[in-house]
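This report refers to the structure that appears directly beneath it.
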Amino acid sequence: MQQTQRASRAKLVAYAGIFTAFYAIYGIISGISWASQLHGIDAHAVRAFLMVILYASLNRFGGATIMGLISGALLTASPGDPGAIFFIPAFGAAGLFSDMILSIKGGDLNRKKVVLASILGGLAEAVVVTAGLLAIGFPFLEATQVVRSVIPNADLNLVWLYVVGRNPLLSAIGGLLAFELIKRGRVPIRR
């Protein structure tokens, strides 16, 4: 019994490590290749995608949380990202929310649960990073310029909606893509 639990924990950590490596490699490639165009928003979809696939591969609570904490630690060194100092708690929160929602009712995955887990994980990440940046006085000038280029008289509420809202939206897209691959049998899942 105890040996089975150790093997199960080892598998959880190993899978979380593998998925973290995929995410970290993607984050590095994205940061080098198209960061000036996308400003890292693509990583939200990839994170949610990998967390759903990880959960489906293990059918167990904890993998997404571990992945979030480790990838947050690795990507804290992201050059030029003022929010990087908040990545560990933000990515950990994203993983925790994903794990909590996906594990409801025995862990059976359905589209609604995957989308909700992805949205809440993305929202948790966005809120932690945004709150941290606000706490240190970050001015959000680029986000303000983007919003005001579309809506010239936009107030600060629309800027915050843009800053916080894009993460859950892209996370939902990543989660949906993962769910479609799982549903079509492209990703083996553990039951």
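As shown in the structure tokens, the chain order sets the letters A, B, ...; within each chain, residues go from 1, and ligands are also counted from 1 in the order they appear.
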If you count only C-alpha atoms, which residues fall within 7 Å of range 85-96 of chain A, apart from same-chain ones fewer than 6 positions away, as number ranges by chain? A: 64-65, 67-69, 72-73, 76, 121-122, 124-125, 128-129, 132
Export C-alpha atoms of the chosen residues as a PDB file, in the first residue's frame?
ATOM      1  CA  ALA A  64      -1.532  21.286 -12.404  1.00  0.00           C
ATOM      2  CA  THR A  65      -0.689  22.939  -9.075  1.00  0.00           C
ATOM      3  CA  MET A  67       3.246  22.462 -12.739  1.00  0.00           C
ATOM      4  CA  GLY A  68       2.125  26.003 -11.927  1.00  0.00           C
ATOM      5  CA  LEU A  69       4.505  26.418  -9.005  1.00  0.00           C
ATOM      6  CA  GLY A  72       6.347  30.025 -12.113  1.00  0.00           C
ATOM      7  CA  ALA A  73       9.723  29.541 -10.445  1.00  0.00           C
ATOM      8  CA  THR A  76      10.444  34.232 -12.838  1.00  0.00           C
ATOM      9  CA  GLY A 121      -7.272  29.380 -13.469  1.00  0.00           C
ATOM     10  CA  GLY A 122      -6.583  32.184 -15.941  1.00  0.00           C
ATOM     11  CA  ALA A 124      -6.618  33.686 -10.684  1.00  0.00           C
ATOM     12  CA  GLU A 125      -3.304  34.143 -12.473  1.00  0.00           C
ATOM     13  CA  VAL A 128      -2.475  37.834  -8.693  1.00  0.00           C
ATOM     14  CA  VAL A 129      -0.105  39.410 -11.236  1.00  0.00           C
ATOM     15  CA  GLY A 132       1.050  42.607  -7.467  1.00  0.00           C
TER      16      GLY A 132
END
With only C-alpha atoms counted and 9 Å as the cut-off, give the residues of range 71-187 of chain A in contact with range 11-30 of chain A, each with its shortest interatomic distance in Å and the pair that gives it, as CSV.
residue,atom,partner,partner_atom,distance
A:Ser71,CA,A:Thr20,CA,5.5
A:Gly72,CA,A:Ala24,CA,8.9
A:Leu74,CA,A:Ala24,CA,7.0
A:Leu75,CA,A:Ala24,CA,6.8
A:Ser78,CA,A:Ile28,CA,8.1
Could you write those residues out with N, CA, C and O atoms, as a compact mmCIF listing (two decimals), in the first residue's frame?
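In the end it all went to part-v1.txt:
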# COMPACT_ATOMS: atom_id res chain seq x y z
N SER A 71 6.74 25.96 -12.90
CA SER A 71 6.91 26.82 -14.08
C SER A 71 6.98 28.29 -13.66
O SER A 71 7.73 29.07 -14.26
N GLY A 72 6.24 28.65 -12.63
CA GLY A 72 6.35 30.02 -12.11
C GLY A 72 7.75 30.33 -11.63
O GLY A 72 8.29 31.40 -11.90
N LEU A 74 10.53 28.80 -12.61
CA LEU A 74 11.45 28.83 -13.76
C LEU A 74 11.31 30.11 -14.57
O LEU A 74 12.31 30.68 -15.02
N LEU A 75 10.08 30.56 -14.77
CA LEU A 75 9.85 31.72 -15.63
C LEU A 75 9.94 33.05 -14.89
O LEU A 75 9.79 34.11 -15.48
N SER A 78 12.11 35.70 -16.43
CA SER A 78 11.74 36.23 -17.75
C SER A 78 12.28 37.64 -17.92
O SER A 78 11.91 38.55 -17.16
As a ChimeraX atom specification, which residues of range 104-171 of chain A does DSSP assign to helix (DSSP H, G or I)? /A:104-107,111-135,141-150,156-171
At most 8 Å is the cut-off: for each residue in range 17-77 of chain A with any atom that close to an atom of range 154-171 of chain A, write down the nearest atom pair and the distance in Å rounded to one decimal, counting only C-alpha atoms, chain first then increasing number, as a Markdown table.
| residue | atom | partner | partner_atom | distance |
| --- | --- | --- | --- | --- |
| A:Ile41 | CA | A:Asn167 | CA | 7.0 |
| A:Asp42 | CA | A:Leu170 | CA | 7.3 |
| A:His44 | CA | A:Ser171 | CA | 5.3 |
| A:Ala45 | CA | A:Ser171 | CA | 4.5 |
| A:Val46 | CA | A:Ser171 | CA | 7.6 |
| A:Arg47 | CA | A:Ser171 | CA | 7.3 |
| A:Ala48 | CA | A:Ser171 | CA | 5.1 |
| A:Phe49 | CA | A:Ser171 | CA | 7.5 |
Only C-alpha atoms, please: the residues just picked out, written as an mmCIF file, in the first residue's frame.
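As a result, part_5.cif now contains:
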data_model
loop_
_atom_site.group_PDB
_atom_site.id
_atom_site.type_symbol
_atom_site.label_atom_id
_atom_site.label_comp_id
_atom_site.auth_asym_id
_atom_site.auth_seq_id
_atom_site.Cartn_x
_atom_site.Cartn_y
_atom_site.Cartn_z
ATOM 1 C CA ILE A 41 -0.614 36.417 -24.136
ATOM 2 C CA ASP A 42 -0.178 33.202 -26.147
ATOM 3 C CA HIS A 44 -2.032 31.737 -21.272
ATOM 4 C CA ALA A 45 -3.638 29.426 -23.826
ATOM 5 C CA VAL A 46 -0.659 27.059 -23.750
ATOM 6 C CA ARG A 47 -0.647 26.928 -19.930
ATOM 7 C CA ALA A 48 -4.347 26.054 -19.743
ATOM 8 C CA PHE A 49 -3.954 23.522 -22.568
#
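Across the model, the gap from CA of Gly83 in chain A to CA of Phe138 in chain A is 9.2 Å.
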